[in-house]
Structures are given as C-alpha cells and as structure tokens.
$ cat work-v7.cif   # mmCIF, C-alpha atoms
data_target
loop_
_atom_site.group_PDB
_atom_site.id
_atom_site.type_symbol
_atom_site.label_atom_id
_atom_site.label_comp_id
_atom_site.auth_asym_id
_atom_site.auth_seq_id
_atom_site.Cartn_x
_atom_site.Cartn_y
_atom_site.Cartn_z
ATOM 1 C CA VAL A 109 -37.244 27.361 -26.531
ATOM 2 C CA TYR A 110 -39.011 24.329 -25.087
ATOM 3 C CA TYR A 111 -38.859 23.756 -21.361
ATOM 4 C CA TRP A 112 -37.602 20.323 -20.501
ATOM 5 C CA ASP A 113 -35.802 19.913 -23.827
ATOM 6 C CA SER A 114 -33.608 22.774 -22.611
ATOM 7 C CA TYR A 115 -32.261 20.649 -19.765
ATOM 8 C CA TRP A 116 -30.529 18.310 -22.202
ATOM 9 C CA VAL A 117 -29.333 21.237 -24.324
ATOM 10 C CA VAL A 118 -27.809 22.881 -21.235
ATOM 11 C CA ARG A 119 -26.043 19.673 -20.262
ATOM 12 C CA GLY A 120 -24.577 19.396 -23.746
ATOM 13 C CA LEU A 121 -23.459 23.019 -23.684
ATOM 14 C CA LEU A 122 -21.753 22.519 -20.327
ATOM 15 C CA VAL A 123 -19.872 19.491 -21.652
ATOM 16 C CA SER A 124 -18.829 21.688 -24.591
ATOM 17 C CA LYS A 125 -17.718 24.426 -22.159
ATOM 18 C CA MET A 126 -20.219 26.865 -23.734
ATOM 19 C CA TYR A 127 -21.039 28.320 -20.336
ATOM 20 C CA ASP A 128 -22.360 31.696 -21.485
ATOM 21 C CA THR A 129 -24.799 30.090 -23.920
ATOM 22 C CA ALA A 130 -26.012 27.683 -21.240
ATOM 23 C CA LYS A 131 -26.509 30.596 -18.845
ATOM 24 C CA ASP A 132 -28.483 32.558 -21.437
ATOM 25 C CA ILE A 133 -30.877 29.633 -21.910
ATOM 26 C CA VAL A 134 -31.404 29.372 -18.156
ATOM 27 C CA LEU A 135 -31.987 33.122 -17.884
ATOM 28 C CA ASN A 136 -34.584 32.912 -20.665
ATOM 29 C CA LEU A 137 -36.477 30.334 -18.594
ATOM 30 C CA VAL A 138 -36.081 32.418 -15.436
ATOM 31 C CA TYR A 139 -37.614 35.341 -17.331
ATOM 32 C CA LEU A 140 -40.653 33.222 -18.218
ATOM 33 C CA VAL A 141 -41.237 32.538 -14.522
ATOM 34 C CA GLU A 142 -40.831 36.227 -13.726
ATOM 35 C CA GLU A 143 -43.360 37.096 -16.429
ATOM 36 C CA TYR A 144 -45.923 34.282 -16.125
ATOM 37 C CA GLY A 145 -45.370 32.615 -12.743
ATOM 38 C CA PHE A 146 -44.086 29.358 -14.232
ATOM 39 C CA VAL A 147 -41.949 28.118 -17.115
ATOM 40 C CA LEU A 148 -44.161 27.782 -20.172
ATOM 41 C CA ASN A 149 -44.199 24.590 -22.237
ATOM 42 C CA GLY A 150 -42.364 26.727 -24.793
ATOM 43 C CA ALA A 151 -41.657 30.408 -25.370
ATOM 44 C CA ARG A 152 -44.791 31.080 -27.417
ATOM 45 C CA SER A 153 -47.961 32.952 -26.494
ATOM 46 C CA TYR A 154 -50.210 29.917 -26.973
ATOM 47 C CA TYR A 155 -48.228 27.950 -24.367
ATOM 48 C CA THR A 156 -49.272 30.193 -21.465
ATOM 49 C CA ASN A 157 -51.793 27.553 -20.348
ATOM 50 C CA ARG A 158 -49.345 24.812 -19.392
ATOM 51 C CA SER A 159 -45.794 24.023 -18.299
ATOM 52 C CA GLN A 160 -43.592 20.939 -18.734
ATOM 53 C CA PRO A 161 -41.579 18.694 -16.365
ATOM 54 C CA PRO A 162 -39.909 21.118 -13.907
ATOM 55 C CA LEU A 163 -36.170 20.918 -14.434
ATOM 56 C CA LEU A 164 -35.165 24.565 -14.064
ATOM 57 C CA SER A 165 -33.574 24.027 -10.646
ATOM 58 C CA SER A 166 -31.527 21.163 -12.100
ATOM 59 C CA MET A 167 -30.237 23.446 -14.848
ATOM 60 C CA VAL A 168 -29.283 26.126 -12.325
ATOM 61 C CA LEU A 169 -27.526 23.560 -10.129
ATOM 62 C CA GLU A 170 -25.557 22.035 -13.006
ATOM 63 C CA LEU A 171 -24.516 25.477 -14.222
ATOM 64 C CA TYR A 172 -23.471 26.524 -10.713
ATOM 65 C CA THR A 173 -21.538 23.270 -10.246
ATOM 66 C CA ALA A 174 -19.684 23.877 -13.514
ATOM 67 C CA THR A 175 -18.979 27.596 -13.077
ATOM 68 C CA GLY A 176 -19.477 28.572 -9.425
ATOM 69 C CA ASP A 177 -21.706 31.424 -10.612
ATOM 70 C CA LEU A 178 -23.380 32.459 -7.354
ATOM 71 C CA GLY A 179 -24.848 35.507 -9.080
ATOM 72 C CA LEU A 180 -26.937 33.191 -11.244
ATOM 73 C CA VAL A 181 -28.184 31.385 -8.146
ATOM 74 C CA ARG A 182 -29.237 34.692 -6.580
ATOM 75 C CA ARG A 183 -30.965 35.810 -9.797
ATOM 76 C CA ALA A 184 -32.822 32.515 -10.266
ATOM 77 C CA PHE A 185 -33.739 31.910 -6.623
ATOM 78 C CA PRO A 186 -36.987 33.968 -6.481
ATOM 79 C CA SER A 187 -38.163 32.328 -9.708
ATOM 80 C CA LEU A 188 -37.466 28.855 -8.340
ATOM 81 C CA LEU A 189 -39.599 29.653 -5.301
ATOM 82 C CA LYS A 190 -42.352 30.929 -7.580
ATOM 83 C CA GLU A 191 -42.182 27.847 -9.811
ATOM 84 C CA HIS A 192 -42.367 25.567 -6.777
ATOM 85 C CA SER A 193 -45.494 27.405 -5.614
ATOM 86 C CA PHE A 194 -47.043 26.759 -9.032
ATOM 87 C CA TRP A 195 -46.452 22.999 -8.831
ATOM 88 C CA VAL A 196 -47.753 22.623 -5.272
ATOM 89 C CA SER A 197 -50.752 24.914 -5.794
ATOM 90 C CA GLU A 198 -54.339 23.713 -5.584
ATOM 91 C CA LEU A 199 -54.332 23.260 -9.361
ATOM 92 C CA HIS A 200 -51.753 20.465 -9.164
ATOM 93 C CA ASN A 201 -51.779 19.227 -5.557
ATOM 94 C CA VAL A 202 -53.571 16.043 -4.470
ATOM 95 C CA GLU A 203 -53.938 14.849 -0.874
ATOM 96 C CA ILE A 204 -53.873 11.076 -0.333
ATOM 97 C CA MET A 205 -54.165 9.058 2.876
ATOM 98 C CA ASP A 206 -52.016 5.923 3.116
ATOM 99 C CA ASN A 207 -52.929 2.647 4.830
ATOM 100 C CA HIS A 208 -51.582 3.952 8.144
ATOM 101 C CA GLY A 209 -53.831 7.005 8.137
ATOM 102 C CA ARG A 210 -51.010 9.405 7.243
ATOM 103 C CA LEU A 211 -51.779 12.244 4.833
ATOM 104 C CA HIS A 212 -49.430 12.931 1.931
ATOM 105 C CA ASN A 213 -49.346 15.585 -0.778
ATOM 106 C CA LEU A 214 -48.290 14.791 -4.329
ATOM 107 C CA SER A 215 -48.677 16.652 -7.614
ATOM 108 C CA ARG A 216 -50.177 15.945 -11.024
ATOM 109 C CA TYR A 217 -50.197 17.525 -14.463
ATOM 110 C CA GLN A 218 -53.134 19.831 -15.148
ATOM 111 C CA ALA A 219 -53.201 22.278 -18.033
ATOM 112 C CA MET A 220 -55.349 25.399 -17.854
ATOM 113 C CA TRP A 221 -57.009 24.740 -21.208
ATOM 114 C CA ASN A 222 -60.079 22.959 -22.635
ATOM 115 C CA LYS A 223 -59.900 23.820 -26.326
ATOM 116 C CA PRO A 224 -57.926 22.394 -29.264
ATOM 117 C CA ARG A 225 -54.222 23.188 -28.927
ATOM 118 C CA PRO A 226 -53.449 26.032 -31.366
ATOM 119 C CA GLU A 227 -50.315 24.249 -32.577
ATOM 120 C CA SER A 228 -52.245 21.012 -33.292
ATOM 121 C CA ALA A 229 -55.854 22.162 -33.622
ATOM 122 C CA THR A 230 -56.757 20.061 -36.656
ATOM 123 C CA ILE A 231 -55.468 16.859 -35.047
ATOM 124 C CA ASP A 232 -57.257 17.566 -31.763
ATOM 125 C CA GLU A 233 -60.545 18.411 -33.490
ATOM 126 C CA GLU A 234 -60.368 15.238 -35.574
ATOM 127 C CA LEU A 235 -59.899 13.139 -32.428
ATOM 128 C CA ALA A 236 -62.700 14.941 -30.583
ATOM 129 C CA SER A 237 -65.084 14.401 -33.507
ATOM 130 C CA LYS A 238 -65.537 10.856 -32.184
ATOM 131 C CA LEU A 239 -67.345 12.338 -29.182
ATOM 132 C CA ASN A 240 -70.890 13.679 -29.276
ATOM 133 C CA SER A 241 -71.257 16.449 -26.706
ATOM 134 C CA THR A 242 -69.441 19.759 -26.368
ATOM 135 C CA ALA A 243 -68.749 18.976 -22.701
ATOM 136 C CA ALA A 244 -67.106 15.648 -23.591
ATOM 137 C CA LYS A 245 -64.962 17.353 -26.216
ATOM 138 C CA GLU A 246 -63.850 20.055 -23.773
ATOM 139 C CA LYS A 247 -62.884 17.390 -21.227
ATOM 140 C CA LEU A 248 -60.849 15.601 -23.894
ATOM 141 C CA TYR A 249 -59.107 18.827 -24.943
ATOM 142 C CA HIS A 250 -58.204 19.411 -21.279
ATOM 143 C CA GLN A 251 -56.703 15.927 -20.993
ATOM 144 C CA ILE A 252 -54.800 16.347 -24.277
ATOM 145 C CA ALA A 253 -53.240 19.629 -23.127
ATOM 146 C CA SER A 254 -52.390 18.088 -19.753
ATOM 147 C CA ALA A 255 -50.672 15.169 -21.485
ATOM 148 C CA ALA A 256 -48.683 17.720 -23.492
ATOM 149 C CA GLU A 257 -47.672 19.345 -20.193
ATOM 150 C CA SER A 258 -46.217 15.996 -19.105
ATOM 151 C CA GLY A 259 -43.797 15.875 -22.035
ATOM 152 C CA TRP A 260 -45.160 12.394 -22.786
ATOM 153 C CA ASP A 261 -47.375 13.425 -25.656
ATOM 154 C CA PHE A 262 -48.668 10.979 -26.269
ATOM 155 C CA SER A 263 -48.470 7.731 -24.312
ATOM 156 C CA SER A 264 -50.820 4.936 -23.255
ATOM 157 C CA ARG A 265 -49.600 5.837 -19.782
ATOM 158 C CA TRP A 266 -52.365 8.456 -19.673
ATOM 159 C CA MET A 267 -55.158 6.370 -21.252
ATOM 160 C CA SER A 268 -57.731 4.159 -19.544
ATOM 161 C CA ASN A 269 -57.889 2.240 -22.845
ATOM 162 C CA SER A 270 -54.408 2.026 -24.312
ATOM 163 C CA THR A 271 -55.717 1.858 -27.897
ATOM 164 C CA ASP A 272 -58.119 4.811 -27.694
ATOM 165 C CA MET A 273 -56.804 8.350 -27.244
ATOM 166 C CA THR A 274 -60.276 9.644 -26.403
ATOM 167 C CA THR A 275 -59.835 7.860 -23.047
ATOM 168 C CA LEU A 276 -57.005 10.175 -21.915
ATOM 169 C CA VAL A 277 -57.277 10.809 -18.162
ATOM 170 C CA THR A 278 -53.967 12.596 -17.566
ATOM 171 C CA THR A 279 -55.210 14.747 -14.687
ATOM 172 C CA PHE A 280 -56.280 11.646 -12.747
ATOM 173 C CA VAL A 281 -52.752 10.202 -12.725
ATOM 174 C CA ILE A 282 -50.187 10.908 -9.985
ATOM 175 C CA PRO A 283 -46.935 10.562 -11.969
ATOM 176 C CA VAL A 284 -43.743 9.075 -10.572
ATOM 177 C CA ASP A 285 -41.485 11.301 -12.652
ATOM 178 C CA LEU A 286 -43.230 14.607 -11.932
ATOM 179 C CA ASN A 287 -43.087 14.073 -8.185
ATOM 180 C CA THR A 288 -39.467 12.962 -8.366
ATOM 181 C CA PHE A 289 -38.602 16.137 -10.289
ATOM 182 C CA ILE A 290 -40.407 18.252 -7.680
ATOM 183 C CA CYS A 291 -38.650 16.361 -4.874
ATOM 184 C CA LYS A 292 -35.333 17.203 -6.514
ATOM 185 C CA MET A 293 -36.435 20.806 -7.023
ATOM 186 C CA GLU A 294 -37.074 21.045 -3.290
ATOM 187 C CA ARG A 295 -33.636 19.589 -2.524
ATOM 188 C CA ASP A 296 -32.014 21.997 -4.995
ATOM 189 C CA ILE A 297 -33.784 25.015 -3.505
ATOM 190 C CA ALA A 298 -32.572 23.954 -0.049
ATOM 191 C CA VAL A 299 -28.995 23.867 -1.395
ATOM 192 C CA PHE A 300 -29.345 27.284 -3.039
ATOM 193 C CA ALA A 301 -30.881 28.763 0.117
ATOM 194 C CA GLU A 302 -27.857 27.607 2.122
ATOM 195 C CA LEU A 303 -25.511 29.123 -0.453
ATOM 196 C CA ILE A 304 -27.106 32.565 -0.214
ATOM 197 C CA GLY A 305 -27.602 32.513 3.555
ATOM 198 C CA GLU A 306 -31.354 31.852 3.658
ATOM 199 C CA LYS A 307 -31.186 29.350 6.527
ATOM 200 C CA ALA A 308 -34.904 29.251 7.337
ATOM 201 C CA THR A 309 -35.821 28.690 3.688
ATOM 202 C CA ALA A 310 -33.187 25.963 3.419
ATOM 203 C CA GLU A 311 -34.718 24.108 6.351
ATOM 204 C CA LEU A 312 -38.249 24.571 4.998
ATOM 205 C CA PHE A 313 -37.386 23.058 1.631
ATOM 206 C CA SER A 314 -35.265 20.303 3.141
ATOM 207 C CA GLN A 315 -38.317 19.234 5.121
ATOM 208 C CA ALA A 316 -40.561 19.574 2.056
ATOM 209 C CA SER A 317 -38.249 17.297 0.082
ATOM 210 C CA LYS A 318 -38.238 14.711 2.864
ATOM 211 C CA ALA A 319 -42.035 14.807 3.060
ATOM 212 C CA ARG A 320 -42.381 14.295 -0.700
ATOM 213 C CA HIS A 321 -39.807 11.514 -0.620
ATOM 214 C CA THR A 322 -41.859 9.788 2.097
ATOM 215 C CA ALA A 323 -45.012 10.240 0.004
ATOM 216 C CA ILE A 324 -43.344 8.753 -3.080
ATOM 217 C CA GLU A 325 -42.148 5.741 -1.102
ATOM 218 C CA SER A 326 -45.474 5.276 0.711
ATOM 219 C CA LEU A 327 -47.833 5.676 -2.247
ATOM 220 C CA LEU A 328 -45.908 4.925 -5.451
ATOM 221 C CA TRP A 329 -43.376 2.223 -4.487
ATOM 222 C CA ASN A 330 -44.404 -1.358 -5.308
ATOM 223 C CA SER A 331 -42.322 -3.883 -3.369
ATOM 224 C CA GLU A 332 -43.376 -6.875 -5.492
ATOM 225 C CA MET A 333 -42.348 -5.230 -8.774
ATOM 226 C CA GLU A 334 -39.465 -3.379 -7.076
ATOM 227 C CA GLN A 335 -40.194 -0.129 -8.882
ATOM 228 C CA TRP A 336 -42.280 3.002 -8.514
ATOM 229 C CA LEU A 337 -45.681 3.082 -10.198
ATOM 230 C CA ASP A 338 -48.000 5.887 -11.260
ATOM 231 C CA TYR A 339 -51.107 6.095 -9.095
ATOM 232 C CA TRP A 340 -54.555 6.457 -10.673
ATOM 233 C CA LEU A 341 -57.217 8.521 -8.938
ATOM 234 C CA PRO A 342 -60.893 7.584 -9.356
ATOM 235 C CA THR A 343 -62.390 9.343 -12.372
ATOM 236 C CA ASP A 344 -65.977 9.471 -11.112
ATOM 237 C CA GLY A 345 -65.371 12.764 -9.297
ATOM 238 C CA ASN A 346 -67.187 11.661 -6.158
ATOM 239 C CA CYS A 347 -64.283 11.876 -3.708
ATOM 240 C CA GLN A 348 -64.846 14.150 -0.713
ATOM 241 C CA GLY A 349 -61.686 15.128 1.147
ATOM 242 C CA PRO A 350 -58.411 13.184 0.816
ATOM 243 C CA TYR A 351 -58.247 10.186 -1.495
ATOM 244 C CA LYS A 352 -57.687 6.870 0.273
ATOM 245 C CA TRP A 353 -54.792 4.848 -1.125
ATOM 246 C CA GLU A 354 -55.605 1.480 -2.707
ATOM 247 C CA SER A 355 -52.997 -0.897 -4.103
ATOM 248 C CA LYS A 356 -55.212 -1.738 -7.085
ATOM 249 C CA SER A 357 -54.974 1.893 -8.218
ATOM 250 C CA GLN A 358 -51.266 1.653 -9.018
ATOM 251 C CA ASN A 359 -50.598 1.337 -12.750
ATOM 252 C CA HIS A 360 -48.743 -1.977 -13.026
ATOM 253 C CA ASN A 361 -47.550 -1.375 -16.583
ATOM 254 C CA ILE A 362 -43.835 -0.777 -17.005
ATOM 255 C CA PHE A 363 -42.754 2.638 -18.284
ATOM 256 C CA ALA A 364 -39.362 4.354 -18.269
ATOM 257 C CA SER A 365 -40.846 6.845 -15.806
ATOM 258 C CA ASN A 366 -41.079 4.077 -13.186
ATOM 259 C CA PHE A 367 -37.310 4.305 -12.802
ATOM 260 C CA VAL A 368 -36.799 8.078 -12.682
ATOM 261 C CA PRO A 369 -36.211 7.960 -8.892
ATOM 262 C CA LEU A 370 -33.149 5.800 -9.609
ATOM 263 C CA TRP A 371 -31.884 8.237 -12.231
ATOM 264 C CA LEU A 372 -32.117 11.121 -9.773
ATOM 265 C CA ASN A 373 -30.961 9.013 -6.827
ATOM 266 C CA ALA A 374 -34.072 10.257 -5.031
ATOM 267 C CA HIS A 375 -34.597 6.848 -3.443
ATOM 268 C CA ASN A 376 -31.659 7.603 -1.141
ATOM 269 C CA SER A 377 -32.730 11.145 -0.240
ATOM 270 C CA GLY A 378 -34.285 12.148 3.075
#

$ encode --input "work-v7.cif" --output "structure tokens"
Amino acid sequence: VYYWDSYWVVRGLLVSKMYDTAKDIVLNLVYLVEEYGFVLNGARSYYTNRSQPPLLSSMVLELYTATGDLGLVRRAFPSLLKEHSFWVSELHNVEIMDNHGRLHNLSRYQAMWNKPRPESATIDEELASKLNSTAAKEKLYHQIASAAESGWDFSSRWMSNSTDMTTLVTTFVIPVDLNTFICKMERDIAVFAELIGEKATAELFSQASKARHTAIESLLWNSEMEQWLDYWLPTDGNCQGPYKWESKSQNHNIFASNFVPLWLNAHNSG
C-alpha cells in the first residue's frame, strides 16, 4: 500500500462499486495513523520516517458520499485529527508575515531521515558521492527523503539548479499542492464533525480551513500569472522569527501543482 496512490485506487473501486474493498484500503491507512501517528509513505517498516500528500480525509469523504457509512466516519475521525496534528506540527509548520503585517501558517514537506533511503540506497549514495563532507551528504539525504514525501520524486520543482539533483532544497519550499490538500482536509474534518455531532470541533476546523485559504491566497497567489506558485524560503538559515514574504521568492516556473487549488475548488472556499 502506498499512501496517495491509494486515493486513485479508491476512486476507481468506488466507480466499480467495490465498496468493501475501498473501505478496507481506507481502514488500512487509518490503522497506520493509529499505530504511527500519520499515514506512512507506504506500509513498510522503512517508511516510518515520512508520509505522502495527505488525502486520507478525501478518501473517507468519497466513501461516505458513495455509501453513507457513518460508522466509517466515526472510526476514521480520531485518526484524521491525529494526521492533521502531524501536518501542522512544528516539524512541518512555517510562519510567514505578508506585506500587510499579517501572520500566516503554512506547511512544508520534511522527512525525519538523513541517510540513504533503504529502498534506493545505491542510487542515493551514488548521488551523494559528488559531495565531500559527511554533513553535506546527510543534508542531501534529508532533502531526497523529503522530496519522496512530496510524491514528486523527483522534480526540478525542488532543486535550486534544475539540472543538478544535489541542489535539492525540498524543505525550503512551501508547496501549493500540500497546503491545498491540508486546506481540504480541514474542510473535510469540519464536515465529519458536523455529521457526528462534534459542533465545537466543526467550527474549529472550519476556521482553520478559512485561515489556510487566506494564507494560500495571500502568499502563493500570483495575480500577473493568474496561478498559485510555490514559495521558496531562504536557505541560509539565518531567519529569526517569522519569515517576511517577498514576491521574488515565488517560484515562477509552471508546474501542474500550481493548479491544484482549481482541481479541489479550494479557490472558492472560505
């Protein structure tokens, strides 16, 4: 089982009316959250250091929409709260101040790993052999694993030099798609909370979704290009406190991820 691949599998199963199989896949992912605190990249022991794009709430919602299975919603709900906590934790959260002095919180990919990936160790070691110091190699391994967490492994989207994979800086990128997925997760959790009578939680996550939507529009939207752009944080590590937004730090290259807010209709939320 791989995490975000499962979303497309579940959608196909629902179209095929294989509801029990779709539910079993979702319950497998729910179990991973119960066991590890987040959905692993895949259901293997060496994936316990990273996740993938968070689409579990979308799977639960699509299954509920197709079957009306409120029991599934109740079973998955605690795990969805736990997964949300993982993605907004200090590990992933970044605070950025916009041009109007308003503070926003967005998330980034950040694997908990700085060694060659067990499933691709030879490839990672060969790439790192271009670097001289152990510290530089460990930083590269961390960026490689974080790029794998994104599901975009590998893309020039994460590189400061698009022709050189040793320049991966995944953890310094605020991704459009990740934050759109989390925004939708927050909206989904609000819906589920209403369904099971958790009014206070529904309001909390409705407000969280609106705040993230505002952050996406304030920091990632580019009115000249009329699309959302990844935002690059400074890589020198000298920032104290919130980052200050600068237009030049948006990545002006065009990627499919720039349009994920349209796919999820998140531009009309809030």

$ residues_around --input "work-v7.cif" --residues "region 134-138 of chain A" --least-positions-apart "6" --cutoff "9 Å" --atoms "only C-alpha atoms" --output "list in words"
Val109, Tyr111, Ser114, Tyr115, Val118, Phe146, Val147, Leu148, Ala151, Leu164, Met167, Val168, Leu171, Leu180, Arg183, Ala184, Ser187 and Leu188 of chain A

$ write_last_selection --input "work-v7.cif" --atoms "C-alpha atoms" --output "PDB file, in the coordinates of the input"
ATOM      1  CA  VAL A 109     -37.244  27.361 -26.531  1.00  0.00           C
ATOM      2  CA  TYR A 111     -38.859  23.756 -21.361  1.00  0.00           C
ATOM      3  CA  SER A 114     -33.608  22.774 -22.611  1.00  0.00           C
ATOM      4  CA  TYR A 115     -32.261  20.649 -19.765  1.00  0.00           C
ATOM      5  CA  VAL A 118     -27.809  22.881 -21.235  1.00  0.00           C
ATOM      6  CA  PHE A 146     -44.086  29.358 -14.232  1.00  0.00           C
ATOM      7  CA  VAL A 147     -41.949  28.118 -17.115  1.00  0.00           C
ATOM      8  CA  LEU A 148     -44.161  27.782 -20.172  1.00  0.00           C
ATOM      9  CA  ALA A 151     -41.657  30.408 -25.370  1.00  0.00           C
ATOM     10  CA  LEU A 164     -35.165  24.565 -14.064  1.00  0.00           C
ATOM     11  CA  MET A 167     -30.237  23.446 -14.848  1.00  0.00           C
ATOM     12  CA  VAL A 168     -29.283  26.126 -12.325  1.00  0.00           C
ATOM     13  CA  LEU A 171     -24.516  25.477 -14.222  1.00  0.00           C
ATOM     14  CA  LEU A 180     -26.937  33.191 -11.244  1.00  0.00           C
ATOM     15  CA  ARG A 183     -30.965  35.810  -9.797  1.00  0.00           C
ATOM     16  CA  ALA A 184     -32.822  32.515 -10.266  1.00  0.00           C
ATOM     17  CA  SER A 187     -38.163  32.328  -9.708  1.00  0.00           C
ATOM     18  CA  LEU A 188     -37.466  28.855  -8.340  1.00  0.00           C
TER      19      LEU A 188
END

$ closest_residue --input "work-v7.cif" --among "A:Val284, A:Leu239, A:Ala308, A:Val117" --to "Phe367 (chain A)" --atoms "all atoms listed in the file"
A:Val284

$ closest_residue --input "work-v7.cif" --among "A:Asp177, A:Tyr154, A:Thr230, A:Lys190" --to "Tyr139 (chain A)" --atoms "all atoms listed in the file"
A:Lys190

$ closest_residue --input "work-v7.cif" --among "A:Ser317, A:Thr156, A:Thr279, A:Asn213" --to "Ile297 (chain A)" --atoms "all atoms listed in the file"
A:Ser317

$ atom_distance --input "work-v7.cif" --atom1 "CA of Lys318 (chain A)" --atom2 "CA of His212 (chain A)"
11.4 Å

$ resolve_selection --input "work-v7.cif" --expression "the PyMOL selection byres ((chain A and resi 199) around 12)" --output "list of chain:residue names"
A:Arg158, A:Ser193, A:Phe194, A:Trp195, A:Val196, A:Ser197, A:Glu198, A:His200, A:Asn201, A:Val202, A:Glu203, A:Leu214, A:Ser215, A:Arg216, A:Tyr217, A:Gln218, A:Ala219, A:Met220, A:Ser254, A:Thr279

$ resolve_selection --input "work-v7.cif" --expression "the PyMOL selection byres ((chain A and resi 327) around 12)" --output "MDAnalysis selection string"
chainID A and resid 203:208 210:214 282:284 287 320:326 328:331 335:341 351:359

$ atom_distance --input "work-v7.cif" --atom1 "CA of Ser258 (chain A)" --atom2 "CA of Glu334 (chain A)"
23.8 Å

$ atom_distance --input "work-v7.cif" --atom1 "CA of Ala364 (chain A)" --atom2 "CA of His192 (chain A)"
24.3 Å

$ closest_residue --input "work-v7.cif" --among "A:Glu306, A:Pro162, A:Asp272, A:Val123" --to "Lys238 (chain A)" --atoms "all atoms listed in the file"
A:Asp272

$ closest_residue --input "work-v7.cif" --among "A:Thr309, A:Thr288, A:Arg225, A:Leu178" --to "Ser153 (chain A)" --atoms "all atoms listed in the file"
A:Arg225

$ closest_residue --input "work-v7.cif" --among "A:Gly209, A:Pro224, A:Gly179, A:Pro369" --to "Lys245 (chain A)" --atoms "only C-alpha atoms"
A:Pro224

$ axis_aligned_box --input "work-v7.cif" --around "region 347-364 of chain A" --padding-each-side "3 Å" --output "JSON"
{"center_x": -52.1, "center_y": 6.6, "center_z": -8.6, "size_x": 31.5, "size_y": 23.1, "size_z": 25.4}

$ residues_around --input "work-v7.cif" --residues "Trp221 (chain A)" --least-positions-apart "3" --cutoff "8 Å" --atoms "only C-alpha atoms" --output "list in words"
Asn157, Arg158, Tyr249, His250 and Ala253 of chain A

$ residues_around --input "work-v7.cif" --residues "Arg265 (chain A)" --least-positions-apart "6" --cutoff "10 Å" --atoms "all atoms listed in the file" --output "mmCIF file with C-alpha atoms, in the coordinates of the input"
data_model
loop_
_atom_site.group_PDB
_atom_site.id
_atom_site.type_symbol
_atom_site.label_atom_id
_atom_site.label_comp_id
_atom_site.auth_asym_id
_atom_site.auth_seq_id
_atom_site.Cartn_x
_atom_site.Cartn_y
_atom_site.Cartn_z
ATOM 1 C CA ALA A 255 -50.672 15.169 -21.485
ATOM 2 C CA LEU A 276 -57.005 10.175 -21.915
ATOM 3 C CA VAL A 277 -57.277 10.809 -18.162
ATOM 4 C CA THR A 278 -53.967 12.596 -17.566
ATOM 5 C CA VAL A 281 -52.752 10.202 -12.725
ATOM 6 C CA PRO A 283 -46.935 10.562 -11.969
ATOM 7 C CA ASP A 338 -48.000 5.887 -11.260
ATOM 8 C CA ASN A 359 -50.598 1.337 -12.750
ATOM 9 C CA ASN A 361 -47.550 -1.375 -16.583
ATOM 10 C CA ILE A 362 -43.835 -0.777 -17.005
ATOM 11 C CA PHE A 363 -42.754 2.638 -18.284
ATOM 12 C CA SER A 365 -40.846 6.845 -15.806
#

$ build_atoms --input "work-v7.cif" --residues "region 122-135 of chain A" --atoms "N, CA and C atoms" --output "compact mmCIF listing (two decimals), in the frame of the given file"
# COMPACT_ATOMS: atom_id res chain seq x y z
N LEU A 122 -22.74 22.55 -21.41
CA LEU A 122 -21.75 22.52 -20.33
C LEU A 122 -20.60 21.57 -20.65
N VAL A 123 -20.93 20.42 -21.24
CA VAL A 123 -19.87 19.49 -21.65
C VAL A 123 -18.97 20.16 -22.69
N SER A 124 -19.58 20.99 -23.54
CA SER A 124 -18.83 21.69 -24.59
C SER A 124 -18.16 22.97 -24.10
N LYS A 125 -18.29 23.23 -22.78
CA LYS A 125 -17.72 24.43 -22.16
C LYS A 125 -18.29 25.73 -22.74
N MET A 126 -19.53 25.67 -23.23
CA MET A 126 -20.22 26.86 -23.73
C MET A 126 -21.07 27.45 -22.60
N TYR A 127 -20.38 27.91 -21.58
CA TYR A 127 -21.04 28.32 -20.34
C TYR A 127 -21.96 29.53 -20.52
N ASP A 128 -21.54 30.50 -21.30
CA ASP A 128 -22.36 31.70 -21.48
C ASP A 128 -23.67 31.35 -22.19
N THR A 129 -23.59 30.48 -23.20
CA THR A 129 -24.80 30.09 -23.92
C THR A 129 -25.75 29.33 -23.00
N ALA A 130 -25.19 28.43 -22.19
CA ALA A 130 -26.01 27.68 -21.24
C ALA A 130 -26.69 28.63 -20.26
N LYS A 131 -25.94 29.63 -19.79
CA LYS A 131 -26.51 30.60 -18.84
C LYS A 131 -27.63 31.40 -19.49
N ASP A 132 -27.45 31.78 -20.74
CA ASP A 132 -28.48 32.56 -21.44
C ASP A 132 -29.78 31.76 -21.56
N ILE A 133 -29.68 30.47 -21.83
CA ILE A 133 -30.88 29.63 -21.91
C ILE A 133 -31.59 29.61 -20.56
N VAL A 134 -30.82 29.41 -19.50
CA VAL A 134 -31.40 29.37 -18.16
C VAL A 134 -32.06 30.71 -17.82
N LEU A 135 -31.42 31.80 -18.17
CA LEU A 135 -31.99 33.12 -17.88
C LEU A 135 -33.26 33.37 -18.68
